[in-house]
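Peer 1: Take a look at this one; I'll ask things after.
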Amino acid sequence: MKRRNLLLYSLLFIAGCTSVTNTSSVSQAKKLRFTVTDALGIEELQRDYGALQAALKEIIQTEIELVPVESYTAAASALQSDQLDFVLTGPSEYVVMRARTNAVPVIGITRPNYRTVICVSSNSKIKSLSQLKDKKIAMWKIGSTSGYLGPTKLLIDAGLNPQSDVKILMLGSKGLPALQKGEVDAWGGSYVKYEQFIQEQGLSENSLPVISKGPLLPKDLFVASSQLNPELVKQINSLLIANQEKIIQSLSSVEEGKYKGSTLVPVNDSEYDTIREVYQAIGQGNFVQ
């Protein structure tokens with residue numbers, strides 16, 4: 001009996017020590033260096049994500065330092081060289097970070113209507129994606145999930161080779177106006193951007209008919225450096241879920257209201273395999289290997 005009690009007390013003592021270690025992990029992190037890959041430069045980072053910085057500081061009870069980066073590849077390099085701890089990023093950026101740094105997915109953030117469409121002009125004879133062979137298609141920019149990889153996946157699924165069967169032009173915000181002017185045959189990009197353009201121009205969807213609409217794209221996500229203590233990462237995950245209303249509210253003024261109505265949800269690396277497939281198909285597999 002005495003031995004049994006001694007064993008029980010020993011186990012309770014060990015469990016108590018473990019509990020103290022786990023609950024103190026966050027407080028041991030005096031500062032987390034944080035960035036958002038969509039924001040270029042410290043001014044944009046502070047303007048759009050200063051509220052998120054404040055929310056994270058309050059929730060995690062740790063100083064949050066904003067670290068500007070010039071691109072998602074720069075963010076990957078900063079993670080690799082231990083200049084960043086925590087990042088909010090998109091699907092295409094994540095797969096590059098994961099490949100180069102083994103970045104840890106912490107929590108996903110949904111985006112309502114985060115999908116891709118391909119549209120044509122109202123007087124076009126093109127009614128299906130297969131008819132885009134040898135045509136010019138305007139897209140947003142290289143590396144954009146909804147503005148490049150998403151529409152490219154639709155072309156691939158329709159049996160088109162994005163490297164040889166179509167001519168893709170990265171026109172950014174000039175893409176839809178170029179389609180209206182007849183300078184390109186189709187436009188592929190974010191459904192949200194498409195809707196906003198239609199509304200701003202006072203058009204109906206019949207003016208720029210959609211010939212293909214993709215499924216919801218993989219979620220944006222918070223990722224952590226693989227060099228962070230795994231217990232700390234687990235605690236951050238739990239704290240973000242428990243305080244997701246504060247997180248979503250802090251993102252309410254971000255461009256296009258893209259996080260309006262969002263939720264924080266569990267995330268798995270395998271959800272991003274479709275993005276990796278597109279990188280392979282466009283001859284950029286080295287980015288995600």
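Following the order of the structure tokens, chains are lettered A, B, ..., residues in each are numbered from 1, and ligands are numbered from 1.
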Which residues are close to A:Leu79, i.e. within 8 Å by only C-alpha atoms, leaving aside same-chain residues fewer than 4 positions away? Reply as number ranges by chain.
Peer 2: A: 75, 83-85, 101, 103, 225
Peer 1: Grab the residues selected above and save them as a JSON list (two decimals), in the first residue's frame with N, CA, C and O atoms.
Peer 2:
```json
[["chain", "number", "residue", "atom", "x", "y", "z"],
["A", 75, "ALA", "N", 9.94, 36.29, -46.53],
["A", 75, "ALA", "CA", 9.42, 35.79, -45.26],
["A", 75, "ALA", "C", 9.95, 34.39, -44.97],
["A", 75, "ALA", "O", 10.30, 34.07, -43.83],
["A", 83, "GLN", "N", 14.76, 35.06, -38.03],
["A", 83, "GLN", "CA", 14.44, 36.48, -37.89],
["A", 83, "GLN", "C", 12.93, 36.69, -37.74],
["A", 83, "GLN", "O", 12.48, 37.81, -37.55],
["A", 84, "LEU", "N", 12.17, 35.61, -37.85],
["A", 84, "LEU", "CA", 10.72, 35.65, -37.69],
["A", 84, "LEU", "C", 10.28, 34.45, -36.86],
["A", 84, "LEU", "O", 10.90, 33.38, -36.92],
["A", 85, "ASP", "N", 9.19, 34.64, -36.10],
["A", 85, "ASP", "CA", 8.64, 33.55, -35.30],
["A", 85, "ASP", "C", 7.25, 33.12, -35.75],
["A", 85, "ASP", "O", 6.88, 31.96, -35.61],
["A", 101, "THR", "N", 11.44, 25.84, -44.92],
["A", 101, "THR", "CA", 11.74, 26.02, -43.50],
["A", 101, "THR", "C", 11.04, 25.01, -42.59],
["A", 101, "THR", "O", 11.25, 25.04, -41.39],
["A", 103, "ALA", "N", 8.00, 25.16, -41.82],
["A", 103, "ALA", "CA", 7.12, 25.99, -40.99],
["A", 103, "ALA", "C", 5.93, 25.18, -40.50],
["A", 103, "ALA", "O", 5.42, 24.29, -41.20],
["A", 225, "SER", "N", 7.45, 29.37, -36.77],
["A", 225, "SER", "CA", 8.78, 28.88, -37.06],
["A", 225, "SER", "C", 8.96, 27.49, -36.46],
["A", 225, "SER", "O", 8.50, 27.22, -35.34]]
```
Peer 1: Just the residues within 7 Å of stretch 254-270 of chain A, please, counting only C-alpha atoms, with nothing from its chain fewer than 6 positions along; format it as a PyMOL selection string.
Peer 2: chain A and resi 48+105+107-112+241+244+248
Peer 1: Would you pick out the contacts of A:Gly50 at 12 Å or less, using only C-alpha atoms, so that residues sharing its chain but fewer than 6 positions from it are not included, and give the list as a PyMOL selection string?
Peer 2: chain A and resi 34-36+39+42-44+56-57+64-67+247+250-254
Peer 1: Can you measure atom CA of A:Val278 to atom CA of A:Ile142 for me? One decimal in Å is fine.
Peer 2: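 For atom CA of A:Val278 relative to atom CA of A:Ile142, the distance reads 12.1 Å.
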Peer 1: Could you list, as a list in words, every residue within 9 Å of A:Ile236, counting only C-alpha atoms and ignoring same-chain residues fewer than 2 positions away?
Peer 2: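 In the requested format, the answer is Val26, Ile59, Ile60, Val106, Glu231, Leu232, Val233, Lys234, Ser238, Leu239, Leu240 and Ile241 of chain A.
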Peer 1: Include C-alpha atoms and write out the residues we just selected as a PDB file, in the first residue's frame.
Peer 2:
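Writing the result to part-v1.pdb gives the following:
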```pdb
ATOM      1  CA  VAL A  26       3.940  31.531 -23.389  1.00  0.00           C
ATOM      2  CA  ILE A  59      -4.314  37.285 -26.052  1.00  0.00           C
ATOM      3  CA  ILE A  60      -0.846  35.710 -25.868  1.00  0.00           C
ATOM      4  CA  VAL A 106      -0.885  26.673 -36.334  1.00  0.00           C
ATOM      5  CA  GLU A 231       4.470  23.399 -26.463  1.00  0.00           C
ATOM      6  CA  LEU A 232       4.429  27.136 -27.079  1.00  0.00           C
ATOM      7  CA  VAL A 233       2.901  26.554 -30.527  1.00  0.00           C
ATOM      8  CA  LYS A 234       0.185  24.372 -28.989  1.00  0.00           C
ATOM      9  CA  SER A 238      -5.464  27.105 -28.003  1.00  0.00           C
ATOM     10  CA  LEU A 239      -5.376  30.806 -27.149  1.00  0.00           C
ATOM     11  CA  LEU A 240      -6.268  31.868 -30.699  1.00  0.00           C
ATOM     12  CA  ILE A 241      -9.219  29.472 -30.861  1.00  0.00           C
TER      13      ILE A 241
END
```
Peer 1: May I ask which of the residues A:Leu179, A:Leu221, A:Leu32, A:Met97 is the closest one to A:Ser124, counting only C-alpha atoms?
Peer 2: A:Leu179
Peer 1: Skipping near chain neighbours, those fewer than 5 positions away, what residues fall within 7 Å of stretch 165-173 of chain A using only C-alpha atoms, listed as a PyMOL selection string?
Peer 2: chain A and resi 132-141+160
Peer 1: Those same residues, written as a compact mmCIF listing (two decimals), in the first residue's frame with C-alpha atoms?
Peer 2:
```
# COMPACT_ATOMS: atom_id res chain seq x y z
CA LEU A 132 -9.28 29.05 -74.47
CA LYS A 133 -6.56 27.08 -76.26
CA ASP A 134 -4.16 29.52 -77.97
CA LYS A 135 -5.94 32.46 -76.32
CA LYS A 136 -4.69 35.27 -74.06
CA ILE A 137 -5.77 35.21 -70.41
CA ALA A 138 -5.23 38.05 -67.94
CA MET A 139 -4.39 37.08 -64.37
CA TRP A 140 -3.35 39.00 -61.25
CA LYS A 141 0.28 38.30 -60.36
CA LEU A 160 -5.01 22.73 -70.98
```
Peer 1: Have a look at A:Gln61, A:Ser92, A:Gln284, A:Ser121 and name the one nearest to A:Ala76; count only C-alpha atoms.
Peer 2: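 Nearest candidate to A:Ala76 out of A:Gln61, A:Ser92, A:Gln284, A:Ser121: A:Ser92.
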Peer 1: Would you mind reading off the distance between atom CA of A:Pro162 and atom CA of A:Glu205, one decimal, in Å?
Peer 2: 25.9 Å
Peer 1: Give me, as a ChimeraX atom specification, the residues of stretch 12-191 of chain A that a backbone DSSP run labels helix (DSSP H, G or I).
Peer 2: /A:12-23,25-28,42-60,72-80,91-101,129-132,145-157,172-180,191
Peer 1: A:Leu45, A:Val192, A:Leu40, A:Val95: which is nearest A:Ser71, counting only C-alpha atoms?
Peer 2: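 The answer is A:Leu40, which sits nearest to A:Ser71.
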Peer 1: Just checking: using only C-alpha atoms, which residue out of A:Tyr49, A:Tyr191, A:Tyr94, A:Phe197 ends up closest to A:Leu176?
Peer 2: A:Phe197
Peer 1: Find, counting only C-alpha atoms, the residue in A:Pro218, A:Gly202, A:Pro68, A:Gly147 that gets nearest to A:Thr274.
Peer 2: A:Pro218
Peer 1: Write down as a list in words the residues belonging to stretch 126-267 of chain A that are assigned strand (DSSP E) by DSSP computed on the backbone.
Peer 2: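 After running DSSP on the backbone, stretch 126-267 of chain A has strand (DSSP E) at Lys136, Ile137, Ala138, Met139, Lys167, Ile168, Leu169, Met170, Ala186, Trp187, Gly188, Gly189, Ser190, Val210, Ile211, Ser212, Lys213, Asp220, Leu221, Phe222, Val223, Ala224, Leu264 and Val265 of chain A.
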